[in-house]
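Asker: Data: my_file08.json, JSON, C-alpha atoms and all ligand atoms.
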[["chain", "number", "residue", "atom", "x", "y", "z"],
["A", 1351, "MET", "CA", -74.70, -67.57, -72.98],
["A", 1352, "ALA", "CA", -74.85, -64.95, -75.66],
["A", 1353, "SER", "CA", -78.59, -65.33, -76.13],
["A", 1354, "GLU", "CA", -79.16, -65.19, -72.36],
["A", 1355, "GLY", "CA", -77.27, -61.91, -72.29],
["A", 1356, "ILE", "CA", -79.49, -60.50, -75.00],
["A", 1357, "LEU", "CA", -82.58, -61.71, -73.19],
["A", 1358, "SER", "CA", -81.70, -60.08, -69.89],
["A", 1359, "ASN", "CA", -80.72, -56.86, -71.65],
["A", 1360, "SER", "CA", -84.07, -56.63, -73.33],
["A", 1361, "ALA", "CA", -85.78, -57.49, -70.05],
["A", 1362, "VAL", "CA", -84.02, -54.52, -68.48],
["A", 1363, "ILE", "CA", -85.09, -52.31, -71.36],
["A", 1364, "VAL", "CA", -88.72, -53.47, -71.13],
["A", 1365, "THR", "CA", -88.70, -52.88, -67.38],
["A", 1366, "SER", "CA", -87.38, -49.35, -67.75],
["A", 1367, "ILE", "CA", -89.90, -48.56, -70.50],
["A", 1368, "LEU", "CA", -92.69, -49.79, -68.21],
["A", 1369, "LEU", "CA", -91.31, -47.72, -65.34],
["A", 1370, "VAL", "CA", -91.13, -44.56, -67.43],
["A", 1371, "ALA", "CA", -94.58, -45.20, -68.87],
["A", 1372, "SER", "CA", -96.18, -45.75, -65.50],
["A", 1373, "VAL", "CA", -94.53, -42.67, -64.02],
["A", 1374, "PHE", "CA", -96.19, -40.60, -66.73],
["A", 1375, "GLY", "CA", -99.47, -42.48, -66.40],
["A", 1376, "LEU", "CA", -99.27, -43.66, -69.99],
["A", 1377, "ILE", "CA", -100.25, -47.26, -69.49],
["A", 1378, "ALA", "CA", -103.92, -47.21, -70.22],
["A", 1379, "THR", "CA", -104.86, -50.84, -70.66],
["A", 1380, "GLY", "CA", -104.82, -53.39, -67.90],
["A", 1381, "GLU", "CA", -102.44, -51.37, -65.75],
["A", 1382, "TRP", "CA", -104.78, -48.82, -64.27],
["A", 1383, "LYS", "CA", -104.21, -48.27, -60.58],
["A", 1384, "GLU", "CA", -105.95, -46.30, -57.90],
["A", 1385, "PRO", "CA", -104.72, -42.70, -57.88],
["A", 1386, "GLU", "CA", -102.41, -42.42, -54.87],
["A", 1387, "GLU", "CA", -103.11, -38.76, -54.50],
["A", 1388, "GLY", "CA", -104.81, -35.98, -56.33],
["A", 1389, "ILE", "CA", -107.88, -35.73, -58.46],
["A", 1390, "GLY", "CA", -108.49, -38.70, -60.76],
["A", 1391, "VAL", "CA", -109.32, -37.36, -64.21],
["A", 1392, "VAL", "CA", -110.27, -39.83, -66.93],
["A", 1393, "VAL", "CA", -110.25, -38.65, -70.55],
["A", 1394, "SER", "CA", -111.43, -40.42, -73.70],
["A", 1395, "ILE", "CA", -108.61, -39.68, -76.14],
["A", 1396, "LEU", "CA", -104.90, -38.82, -75.94],
["A", 1397, "PRO", "CA", -105.03, -35.13, -77.00],
["A", 1398, "GLN", "CA", -107.29, -34.48, -74.01],
["A", 1399, "ALA", "CA", -104.57, -35.84, -71.73],
["A", 1400, "GLU", "CA", -102.32, -32.92, -72.71],
["A", 1401, "PHE", "CA", -105.20, -30.52, -71.96],
["A", 1402, "ALA", "CA", -105.91, -32.15, -68.59],
["A", 1403, "ARG", "CA", -102.26, -32.21, -67.48],
["A", 1404, "ALA", "CA", -101.84, -28.59, -68.57],
["A", 1405, "VAL", "CA", -104.82, -27.37, -66.53],
["A", 1406, "GLY", "CA", -104.65, -29.77, -63.57],
["A", 1407, "GLY", "CA", -100.87, -29.67, -63.15],
["A", 1408, "ASP", "CA", -99.65, -31.52, -60.05],
["A", 1409, "ASN", "CA", -103.15, -31.85, -58.64],
["A", 1410, "VAL", "CA", -104.42, -34.43, -61.14],
["A", 1411, "GLN", "CA", -103.78, -38.03, -62.17],
["A", 1412, "VAL", "CA", -104.80, -38.37, -65.79],
["A", 1413, "SER", "CA", -105.87, -41.70, -67.32],
["A", 1414, "VAL", "CA", -106.71, -42.19, -71.00],
["A", 1415, "MET", "CA", -109.51, -44.52, -72.08],
["A", 1416, "VAL", "CA", -108.57, -45.07, -75.72],
["A", 1417, "PRO", "CA", -104.87, -45.98, -75.77],
["A", 1418, "GLN", "CA", -102.33, -45.25, -78.49],
["A", 1419, "GLY", "CA", -103.13, -47.14, -81.67],
["A", 1420, "GLU", "CA", -106.76, -47.91, -80.77],
["A", 1421, "GLU", "CA", -109.75, -46.46, -82.57],
["A", 1422, "PRO", "CA", -112.19, -44.20, -80.65],
["A", 1423, "HIS", "CA", -114.91, -45.11, -83.14],
["A", 1424, "THR", "CA", -114.87, -48.75, -82.02],
["A", 1425, "TYR", "CA", -112.97, -48.98, -78.70],
["A", 1426, "GLU", "CA", -114.21, -51.22, -75.84],
["A", 1427, "PRO", "CA", -112.96, -50.38, -72.33],
["A", 1428, "THR", "CA", -111.14, -53.06, -70.33],
["A", 1429, "THR", "CA", -112.47, -54.37, -67.00],
["A", 1430, "ALA", "CA", -109.57, -52.65, -65.21],
["A", 1431, "GLN", "CA", -110.59, -49.34, -66.77],
["A", 1432, "ILE", "CA", -114.20, -49.83, -65.75],
["A", 1433, "ARG", "CA", -113.16, -50.72, -62.19],
["A", 1434, "TYR", "CA", -110.97, -47.60, -62.05],
["A", 1435, "LEU", "CA", -113.97, -45.39, -62.85],
["A", 1436, "GLU", "CA", -115.47, -46.29, -59.46],
["A", 1437, "SER", "CA", -112.90, -44.03, -57.79],
["A", 1438, "ALA", "CA", -112.41, -41.38, -60.49],
["A", 1439, "ASP", "CA", -113.44, -37.79, -59.73],
["A", 1440, "ILE", "CA", -113.91, -36.36, -63.22],
["A", 1441, "TYR", "CA", -114.66, -37.86, -66.62],
["A", 1442, "PHE", "CA", -113.63, -35.36, -69.31],
["A", 1443, "LYS", "CA", -115.54, -36.47, -72.39],
["A", 1444, "VAL", "CA", -115.10, -35.03, -75.87],
["A", 1445, "GLY", "CA", -118.89, -34.79, -76.06],
["A", 1446, "SER", "CA", -119.21, -34.35, -79.81],
["A", 1447, "GLY", "CA", -120.62, -37.77, -80.66],
["A", 1448, "ILE", "CA", -117.61, -40.12, -80.73],
["A", 1449, "ASP", "CA", -119.05, -43.64, -81.07],
["A", 1450, "PHE", "CA", -117.16, -44.91, -78.03],
["A", 1451, "GLU", "CA", -118.70, -42.24, -75.78],
["A", 1452, "ILE", "CA", -122.18, -42.74, -77.23],
["A", 1453, "SER", "CA", -121.99, -46.43, -76.32],
["A", 1454, "TRP", "CA", -120.40, -46.06, -72.86],
["A", 1455, "MET", "CA", -121.06, -42.72, -71.11],
["A", 1456, "ASP", "CA", -124.34, -43.76, -69.48],
["A", 1457, "ARG", "CA", -122.72, -46.91, -68.12],
["A", 1458, "PHE", "CA", -119.71, -44.93, -66.84],
["A", 1459, "GLN", "CA", -122.00, -42.57, -64.95],
["A", 1460, "ALA", "CA", -123.99, -45.50, -63.53],
["A", 1461, "ILE", "CA", -120.76, -47.11, -62.24],
["A", 1462, "ASN", "CA", -119.89, -43.91, -60.36],
["A", 1463, "PRO", "CA", -122.84, -41.53, -59.94],
["A", 1464, "ASP", "CA", -120.62, -39.08, -57.99],
["A", 1465, "MET", "CA", -118.15, -38.71, -60.83],
["A", 1466, "LEU", "CA", -118.41, -35.26, -62.46],
["A", 1467, "ILE", "CA", -118.80, -35.53, -66.23],
["A", 1468, "VAL", "CA", -117.29, -32.55, -68.03],
["A", 1469, "ASP", "CA", -118.54, -32.11, -71.58],
["A", 1470, "GLY", "CA", -115.62, -30.83, -73.66],
["A", 1471, "SER", "CA", -117.96, -29.79, -76.48],
["A", 1472, "ASP", "CA", -119.96, -27.33, -74.36],
["A", 1473, "GLY", "CA", -120.15, -24.07, -76.31],
["A", 1474, "ILE", "CA", -118.67, -25.55, -79.52],
["A", 1475, "SER", "CA", -120.85, -25.51, -82.68],
["A", 1476, "LEU", "CA", -120.73, -28.87, -84.42],
["A", 1477, "ILE", "CA", -120.43, -28.98, -88.21],
["A", 1478, "PRO", "CA", -121.93, -31.66, -90.52],
["A", 1479, "MET", "CA", -119.85, -34.67, -91.53],
["A", 1480, "ALA", "CA", -117.71, -34.07, -94.63],
["A", 1481, "ASP", "CA", -118.96, -37.35, -96.09],
["A", 1482, "GLN", "CA", -122.29, -36.58, -97.78],
["A", 1483, "SER", "CA", -123.34, -40.21, -97.41],
["A", 1484, "GLU", "CA", -123.10, -39.99, -93.61],
["A", 1485, "ILE", "CA", -125.78, -38.30, -91.59],
["A", 1486, "GLY", "CA", -124.83, -36.45, -88.45],
["A", 1487, "GLU", "CA", -122.18, -34.18, -87.07],
["A", 1488, "ASP", "CA", -118.43, -34.30, -87.26],
["A", 1489, "PRO", "CA", -117.08, -35.47, -83.87],
["A", 1490, "HIS", "CA", -113.42, -34.41, -84.42],
["A", 1491, "ILE", "CA", -113.79, -31.05, -82.66],
["A", 1492, "TRP", "CA", -110.38, -31.06, -80.93],
["A", 1493, "LEU", "CA", -108.46, -30.62, -84.19],
["A", 1494, "SER", "CA", -109.14, -26.88, -84.28],
["A", 1495, "PRO", "CA", -107.05, -25.07, -81.63],
["A", 1496, "ILE", "CA", -109.96, -22.67, -81.14],
["A", 1497, "ASN", "CA", -112.15, -25.58, -80.10],
["A", 1498, "ALA", "CA", -109.31, -26.95, -77.97],
["A", 1499, "LYS", "CA", -109.30, -23.65, -76.11],
["A", 1500, "ARG", "CA", -112.98, -24.08, -75.31],
["A", 1501, "MET", "CA", -112.40, -27.69, -74.19],
["A", 1502, "VAL", "CA", -109.66, -26.48, -71.83],
["A", 1503, "GLU", "CA", -112.00, -23.85, -70.37],
["A", 1504, "ASN", "CA", -114.71, -26.48, -69.86],
["A", 1505, "LEU", "CA", -112.30, -28.71, -67.98],
["A", 1506, "MET", "CA", -111.04, -25.78, -65.91],
["A", 1507, "GLU", "CA", -114.61, -25.10, -64.79],
["A", 1508, "GLY", "CA", -115.02, -28.76, -63.83],
["A", 1509, "LEU", "CA", -111.81, -28.76, -61.79],
["A", 1510, "THR", "CA", -112.76, -25.61, -59.91],
["A", 1511, "GLU", "CA", -116.13, -27.18, -59.13],
["A", 1512, "ILE", "CA", -114.45, -30.29, -57.64],
["A", 1513, "ASP", "CA", -111.61, -28.38, -55.98],
["A", 1514, "PRO", "CA", -112.68, -24.74, -55.42],
["A", 1515, "GLY", "CA", -109.77, -24.09, -53.03],
["A", 1516, "ASN", "CA", -107.38, -24.20, -55.99],
["A", 1517, "THR", "CA", -109.42, -22.10, -58.43],
["A", 1518, "SER", "CA", -106.67, -19.58, -59.14],
["A", 1519, "TYR", "CA", -104.14, -22.38, -59.75],
["A", 1520, "TYR", "CA", -106.40, -23.93, -62.42],
["A", 1521, "GLU", "CA", -107.20, -20.53, -63.91],
["A", 1522, "ASP", "CA", -103.52, -19.63, -64.22],
["A", 1523, "ASN", "CA", -102.65, -23.00, -65.73],
["A", 1524, "ALA", "CA", -105.51, -22.75, -68.23],
["A", 1525, "ALA", "CA", -104.51, -19.20, -69.17],
["A", 1526, "GLY", "CA", -100.93, -20.32, -69.85],
["A", 1527, "TYR", "CA", -101.97, -23.21, -72.06],
["A", 1528, "ILE", "CA", -104.61, -21.14, -73.85],
["A", 1529, "ALA", "CA", -101.92, -18.58, -74.70],
["A", 1530, "GLU", "CA", -99.95, -21.41, -76.35],
["A", 1531, "LEU", "CA", -103.05, -22.51, -78.27],
["A", 1532, "GLU", "CA", -103.61, -18.96, -79.47],
["A", 1533, "SER", "CA", -100.06, -18.62, -80.73],
["A", 1534, "LEU", "CA", -100.39, -22.00, -82.46],
["A", 1535, "ASP", "CA", -103.62, -20.83, -84.10],
["A", 1536, "ALA", "CA", -102.03, -17.57, -85.28],
["A", 1537, "SER", "CA", -99.03, -19.35, -86.79],
["A", 1538, "ILE", "CA", -101.18, -21.97, -88.58],
["A", 1539, "TYR", "CA", -103.47, -19.21, -89.83],
["A", 1540, "GLY", "CA", -100.49, -17.37, -91.27],
["A", 1541, "SER", "CA", -99.09, -20.40, -93.04],
["A", 1542, "PHE", "CA", -102.32, -21.16, -94.92],
["A", 1543, "SER", "CA", -103.50, -17.63, -95.68],
["A", 1544, "ALA", "CA", -102.05, -17.18, -99.18],
["A", 1545, "LEU", "CA", -103.03, -20.47, -100.85],
["A", 1546, "GLU", "CA", -104.78, -20.66, -104.22],
["A", 1547, "THR", "CA", -105.72, -24.36, -104.12],
["A", 1548, "PRO", "CA", -106.24, -25.09, -100.45],
["A", 1549, "LYS", "CA", -107.68, -28.56, -101.10],
["A", 1550, "PHE", "CA", -106.47, -31.90, -99.83],
["A", 1551, "LEU", "CA", -107.69, -35.48, -99.77],
["A", 1552, "SER", "CA", -107.98, -37.28, -96.45],
["A", 1553, "TYR", "CA", -108.49, -41.00, -96.01],
["A", 1554, "HIS", "CA", -110.48, -40.51, -92.76],
["A", 1555, "ALA", "CA", -112.34, -37.19, -92.59],
["A", 1556, "ALA", "CA", -110.90, -36.05, -89.26],
["A", 1557, "TRP", "CA", -109.89, -32.56, -90.39],
["A", 1558, "GLY", "CA", -113.25, -30.80, -90.92],
["A", 1559, "TYR", "CA", -112.86, -28.29, -88.06],
["A", 1560, "PHE", "CA", -109.23, -27.67, -88.93],
["A", 1561, "ALA", "CA", -110.16, -27.08, -92.60],
["A", 1562, "GLU", "CA", -113.03, -24.78, -91.64],
["A", 1563, "ARG", "CA", -110.84, -22.70, -89.36],
["A", 1564, "TYR", "CA", -108.03, -22.19, -91.90],
["A", 1565, "GLY", "CA", -110.02, -21.88, -95.13],
["A", 1566, "LEU", "CA", -109.05, -25.30, -96.49],
["A", 1567, "GLU", "CA", -111.17, -27.95, -98.18],
["A", 1568, "GLN", "CA", -111.03, -31.58, -97.08],
["A", 1569, "ILE", "CA", -112.16, -34.28, -99.52],
["A", 1570, "GLN", "CA", -112.80, -37.64, -97.91],
["A", 1571, "ILE", "CA", -111.63, -40.93, -99.43],
["A", 1572, "GLU", "CA", -113.10, -43.42, -96.96],
["A", 1573, "GLU", "CA", -116.82, -44.15, -97.36],
["A", 1574, "GLU", "CA", -118.86, -44.78, -94.23],
["A", 1575, "GLY", "CA", -115.76, -46.08, -92.49],
["A", 1576, "LYS", "CA", -114.80, -48.42, -95.33],
["A", 1577, "GLU", "CA", -112.46, -48.51, -98.31],
["A", 1578, "PRO", "CA", -114.05, -46.67, -101.26],
["A", 1579, "THR", "CA", -115.50, -48.64, -104.16],
["A", 1580, "ALA", "CA", -113.59, -48.73, -107.45],
["A", 1581, "TYR", "CA", -116.18, -46.33, -108.85],
["A", 1582, "SER", "CA", -115.72, -43.68, -106.12],
["A", 1583, "LEU", "CA", -111.98, -44.14, -106.22],
["A", 1584, "ALA", "CA", -112.00, -43.30, -109.93],
["A", 1585, "LYS", "CA", -114.23, -40.29, -109.27],
["A", 1586, "ILE", "CA", -111.91, -38.97, -106.55],
["A", 1587, "ILE", "CA", -108.89, -39.39, -108.82],
["A", 1588, "ASP", "CA", -110.64, -37.50, -111.65],
["A", 1589, "GLN", "CA", -111.59, -34.70, -109.28],
["A", 1590, "ALA", "CA", -108.07, -34.48, -107.88],
["A", 1591, "VAL", "CA", -106.51, -34.28, -111.33],
["A", 1592, "GLU", "CA", -109.04, -31.72, -112.53],
["A", 1593, "GLU", "CA", -108.69, -29.51, -109.44],
["A", 1594, "ASP", "CA", -104.93, -29.88, -109.19],
["A", 1595, "ILE", "CA", -105.04, -31.53, -105.75],
["A", 1596, "ASP", "CA", -101.91, -33.43, -104.82],
["A", 1597, "VAL", "CA", -101.88, -34.07, -101.08],
["A", 1598, "VAL", "CA", -103.36, -37.20, -99.50],
["A", 1599, "LEU", "CA", -103.58, -37.33, -95.68],
["A", 1600, "ILE", "CA", -103.60, -40.58, -93.80],
["A", 1601, "SER", "CA", -103.56, -41.41, -90.13],
["A", 1602, "PRO", "CA", -101.31, -44.22, -88.88],
["A", 1603, "ALA", "CA", -104.45, -46.03, -87.62],
["A", 1604, "PHE", "CA", -106.08, -46.43, -91.02],
["A", 1605, "SER", "CA", -105.41, -48.57, -94.04],
["A", 1606, "THR", "CA", -103.29, -46.88, -96.66],
["A", 1607, "ARG", "CA", -104.04, -48.97, -99.74],
["A", 1608, "ALA", "CA", -106.54, -46.58, -101.32],
["A", 1609, "ALA", "CA", -104.58, -43.51, -100.20],
["A", 1610, "ASN", "CA", -101.33, -44.77, -101.71],
["A", 1611, "GLN", "CA", -103.06, -45.80, -104.91],
["A", 1612, "ILE", "CA", -104.62, -42.34, -105.28],
["A", 1613, "ALA", "CA", -101.37, -40.53, -104.51],
["A", 1614, "GLU", "CA", -99.62, -42.60, -107.16],
["A", 1615, "GLU", "CA", -102.29, -41.97, -109.80],
["A", 1616, "ILE", "CA", -102.39, -38.21, -109.24],
["A", 1617, "GLY", "CA", -98.63, -37.87, -108.84],
["A", 1618, "GLY", "CA", -99.19, -36.52, -105.32],
["A", 1619, "VAL", "CA", -97.72, -37.01, -101.87],
["A", 1620, "VAL", "CA", -98.97, -38.95, -98.86],
["A", 1621, "VAL", "CA", -98.76, -37.02, -95.59],
["A", 1622, "ILE", "CA", -99.03, -39.17, -92.46],
["A", 1623, "THR", "CA", -100.49, -37.46, -89.43],
["A", 1624, "ASP", "CA", -102.14, -38.72, -86.26],
["A", 1625, "PRO", "CA", -105.35, -36.88, -85.24],
["A", 1626, "LEU", "CA", -105.02, -38.60, -81.84],
["A", 1627, "ALA", "CA", -101.43, -37.54, -81.06],
["A", 1628, "GLU", "CA", -100.84, -36.92, -77.36],
["A", 1629, "ASP", "CA", -98.39, -34.07, -77.89],
["A", 1630, "TYR", "CA", -101.24, -31.98, -79.24],
["A", 1631, "ILE", "CA", -99.59, -28.59, -79.78],
["A", 1632, "GLU", "CA", -96.32, -29.95, -81.16],
["A", 1633, "SER", "CA", -97.95, -32.42, -83.49],
["A", 1634, "LEU", "CA", -100.48, -29.91, -84.86],
["A", 1635, "ARG", "CA", -97.66, -27.44, -85.43],
["A", 1636, "SER", "CA", -95.47, -29.86, -87.36],
["A", 1637, "PHE", "CA", -98.43, -31.22, -89.31],
["A", 1638, "SER", "CA", -99.43, -27.69, -90.37],
["A", 1639, "ASP", "CA", -95.87, -26.89, -91.40],
["A", 1640, "GLU", "CA", -95.73, -30.00, -93.54],
["A", 1641, "LEU", "CA", -99.20, -29.57, -95.07],
["A", 1642, "SER", "CA", -98.70, -25.90, -95.90],
["A", 1643, "GLY", "CA", -95.43, -26.82, -97.59],
["A", 1644, "TRP", "CA", -97.27, -29.12, -100.00],
["A", 1645, "LEU", "CA", -100.43, -27.09, -100.64],
["A", 1646, "LYS", "CA", -100.38, -24.44, -103.35],
["B", 1, "ZN", "ZN", -112.28, -40.23, -86.48]]
As structure tokens - that is how I would like this structure written.

Answerer:
Amino acid sequence: MASEGILSNSAVIVTSILLVASVFGLIATGEWKEPEEGIGVVVSILPQAEFARAVGGDNVQVSVMVPQGEEPHTYEPTTAQIRYLESADIYFKVGSGIDFEISWMDRFQAINPDMLIVDGSDGISLIPMADQSEIGEDPHIWLSPINAKRMVENLMEGLTEIDPGNTSYYEDNAAGYIAELESLDASIYGSFSALETPKFLSYHAAWGYFAERYGLEQIQIEEEGKEPTAYSLAKIIDQAVEEDIDVVLISPAFSTRAANQIAEEIGGVVVITDPLAEDYIESLRSFSDELSGWLK
């Protein structure tokens, strides 16, 4: 009896979690449904969902391709997601060269030739990858609030193209969210402005645009998407000791073995932060507070 009671309690909990999640459109895999009303906007990664909901407000149904905990460098869409694209109105891509989009965007457009593809990276200058061994440009554009502002404007233009009758609604929404991004940018700028050693190590080099914007220097641990060799690990540790670097960033999605080992050897701290957090403004604000507290 007792175990049955526990079982049904957890079933109730699971059901309510599912209910809450589906109300907010958070179930991205296998549970995609036709939008009942409004403009169907599909985005690649979670931070874009905050942008899309901010600009589209009540007029949009936002679906996220790469769900929580999955990797946009390697993600494969589900059949339900692909089927959903047939009726979507807008695909809001990051546009900066994320592997997932490079592999899939042409197919997405072929599935639904009427779907408007909004390129979030329009008007954003890409910077080279932090990892010298990798050729190409850094795709993590959204991690600078200044770039996020541009992405929001690009989406706003797409929405007004699809739904011109509500242009002023989208413009007002975008202006409100952009004001929040600007105040975020100003507060982050202030917290990093007086540093003498603004250097940090990062397991995955996601923070190039953030570092560029705030005068910081990101040193990557991972090599071409893999754990570093013993030789490069030793080199990074030497550099960190010599340059008095003592912060190691990791994302919850990546292995922490090398990062923890380095932090231990240099007597530094590990800061965990998710570059794909859905609560974009809040998570960037708390990350910046934490990072600026550790940097010198
Ligand atoms: Zn990445």

Asker: Please, which residues in chain A fall within 8 Å of ligand ZN 1 (chain B) when counting all atoms listed in the file, and what is the closest atom pair and distance in Å to one decimal for each, ordered by chain then residue number, as JSON lines?

Answerer:
{"residue": "A:Glu1421", "atom": "CA", "partner": "B:ZN1", "partner_atom": "ZN", "distance": 7.8}
{"residue": "A:Pro1422", "atom": "CA", "partner": "B:ZN1", "partner_atom": "ZN", "distance": 7.1}
{"residue": "A:His1423", "atom": "CA", "partner": "B:ZN1", "partner_atom": "ZN", "distance": 6.5}
{"residue": "A:Ile1448", "atom": "CA", "partner": "B:ZN1", "partner_atom": "ZN", "distance": 7.8}
{"residue": "A:Pro1489", "atom": "CA", "partner": "B:ZN1", "partner_atom": "ZN", "distance": 7.2}
{"residue": "A:His1490", "atom": "CA", "partner": "B:ZN1", "partner_atom": "ZN", "distance": 6.3}
{"residue": "A:His1554", "atom": "CA", "partner": "B:ZN1", "partner_atom": "ZN", "distance": 6.5}
{"residue": "A:Ala1555", "atom": "CA", "partner": "B:ZN1", "partner_atom": "ZN", "distance": 6.8}
{"residue": "A:Ala1556", "atom": "CA", "partner": "B:ZN1", "partner_atom": "ZN", "distance": 5.2}
{"residue": "A:Pro1625", "atom": "CA", "partner": "B:ZN1", "partner_atom": "ZN", "distance": 7.8}

Asker: With distances taken over all atoms listed in the file, which of A:Gln1418, A:Gly1486, A:Thr1606, A:Ile1631 is nearest to Ala1529 (chain A)?

Answerer: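 Counting all atoms listed in the file, the residue closest to Ala1529 (chain A) is A:Ile1631.
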
Asker: Using all atoms listed in the file, I'd like a table of the residues in region 1522-1571 of chain A that come within 6 Å of region 1592-1598 of chain A; for each, show the closest atom pair and its distance in Å rounded to one decimal, ordered by chain and ascending number, as a tab-separated table.

Answerer:
residue	atom	partner	partner_atom	distance
A:Phe1550	CA	A:Val1597	CA	5.2
A:Leu1551	CA	A:Val1598	CA	4.7
A:Ser1552	CA	A:Val1598	CA	5.5

Asker: As an exercise, work out the distance from CA of Phe1442 (chain A) to CA of Gln1570 (chain A) in Å and give it to one decimal place.

Answerer: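 It comes out at 28.7 Å.
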
Asker: Could you give me, as a PDB file with C-alpha atoms, in the coordinates of the input, the residues within 10 Å of Glu1546 (chain A), counting all atoms listed in the file and dropping anything in the same chain fewer than 5 positions from it?

Answerer:
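Saved file out_39.pdb follows:
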ATOM      1  CA  LEU A1566    -109.050 -25.300 -96.490  1.00  0.00           C
ATOM      2  CA  LEU A1645    -100.430 -27.090-100.640  1.00  0.00           C
ATOM      3  CA  LYS A1646    -100.380 -24.440-103.350  1.00  0.00           C
TER       4      LYS A1646
END

Asker: For the atom pair CA of Leu1509 (chain A) and CA of Tyr1527 (chain A), what is the interatomic distance in Å to one decimal place?

Answerer: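 We find that CA of Leu1509 (chain A) and CA of Tyr1527 (chain A) lie 15.3 Å from each other.
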
Asker: Could you tell me how far CA of Tyr1553 (chain A) lies from CA of Lys1576 (chain A), in Å and to one decimal?

Answerer: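 So the two atoms, CA of Tyr1553 (chain A) and CA of Lys1576 (chain A), lie 9.8 Å apart.
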
Asker: Please work out which residues fall within 9 Å of (-102.3, -42.5, -99.5), coordinates as given in the file, with all atoms listed in the file counting, and return them as a VMD selection string.

Answerer: chain A and resid 1551 to 1553 1597 to 1600 1605 to 1614 1618 to 1622

Asker: Measuring atom to atom with all atoms listed in the file, identify which of A:Glu1632, A:Asp1439, A:Glu1503, A:Glu1451 is nearest to Glu1426 (chain A).

Answerer: A:Glu1451

Asker: Go through A:Ser1582, A:Ser1633, A:Gln1589, A:Ser1413 one by one, measure the shortest atom-to-atom distance of each to Ile1616 (chain A) using only C-alpha atoms, and give the residue with the smallest value.

Answerer: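 Comparing A:Ser1582, A:Ser1633, A:Gln1589, A:Ser1413 against Ile1616 (chain A), the winner is A:Gln1589.
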
Asker: Skip Val1502 (chain A) itself and residues of its chain fewer than 5 positions away, then list as a PyMOL selection string all residues within 12 Å of it, counting only C-alpha atoms.

Answerer: chain A and resi 1397-1406+1442-1444+1468-1474+1492+1495-1497+1507-1509+1520-1531

Asker: Considering all atoms listed in the file, can you say which of A:Trp1557, A:Tyr1434, A:Tyr1519, A:Phe1458 comes closest to Gln1411 (chain A)?

Answerer: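 Of the candidates, the smallest distance to Gln1411 (chain A) is held by A:Tyr1434.
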
Asker: Counting all atoms listed in the file, which of A:Ile1477, A:Pro1417, A:Asn1462, A:Ser1394 gets nearest to Arg1433 (chain A)?

Answerer: A:Asn1462

Asker: Ranking A:Asn1516, A:Ser1537, A:Ser1494, A:Thr1428 by minimum distance to Ala1561 (chain A) and counting only C-alpha atoms, which one comes first?

Answerer: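 Ranking A:Asn1516, A:Ser1537, A:Ser1494, A:Thr1428 by distance to Ala1561 (chain A), first place goes to A:Ser1494.
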
Asker: Draw an axis-aligned box tight on the listed atoms of region 1401-1414 of chain A, then pad every side by 4 Å and write out centre and edge lengths in Å to one decimal as AutoDock Vina command-line options.

Answerer:
--center_x -103.2 --center_y -34.8 --center_z -65.3 --size_x 15.1 --size_y 22.8 --size_z 21.3

Asker: At a cut-off of 12 Å, using all atoms listed in the file, what residues contact Asp1464 (chain A)? Leave out same-chain residues fewer than 6 positions from it and give the result as a VMD selection string.

Answerer: chain A and resid 1435 to 1441 1458 1512

Asker: Take the selection from the previous step and output its residues with C-alpha atoms, as a PDB file, keeping the file's coordinate frame.

Answerer:
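Dumped everything to result-v7.pdb:
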ATOM      1  CA  LEU A1435    -113.970 -45.390 -62.850  1.00  0.00           C
ATOM      2  CA  GLU A1436    -115.470 -46.290 -59.460  1.00  0.00           C
ATOM      3  CA  SER A1437    -112.900 -44.030 -57.790  1.00  0.00           C
ATOM      4  CA  ALA A1438    -112.410 -41.380 -60.490  1.00  0.00           C
ATOM      5  CA  ASP A1439    -113.440 -37.790 -59.730  1.00  0.00           C
ATOM      6  CA  ILE A1440    -113.910 -36.360 -63.220  1.00  0.00           C
ATOM      7  CA  TYR A1441    -114.660 -37.860 -66.620  1.00  0.00           C
ATOM      8  CA  PHE A1458    -119.710 -44.930 -66.840  1.00  0.00           C
ATOM      9  CA  ILE A1512    -114.450 -30.290 -57.640  1.00  0.00           C
TER      10      ILE A1512
END
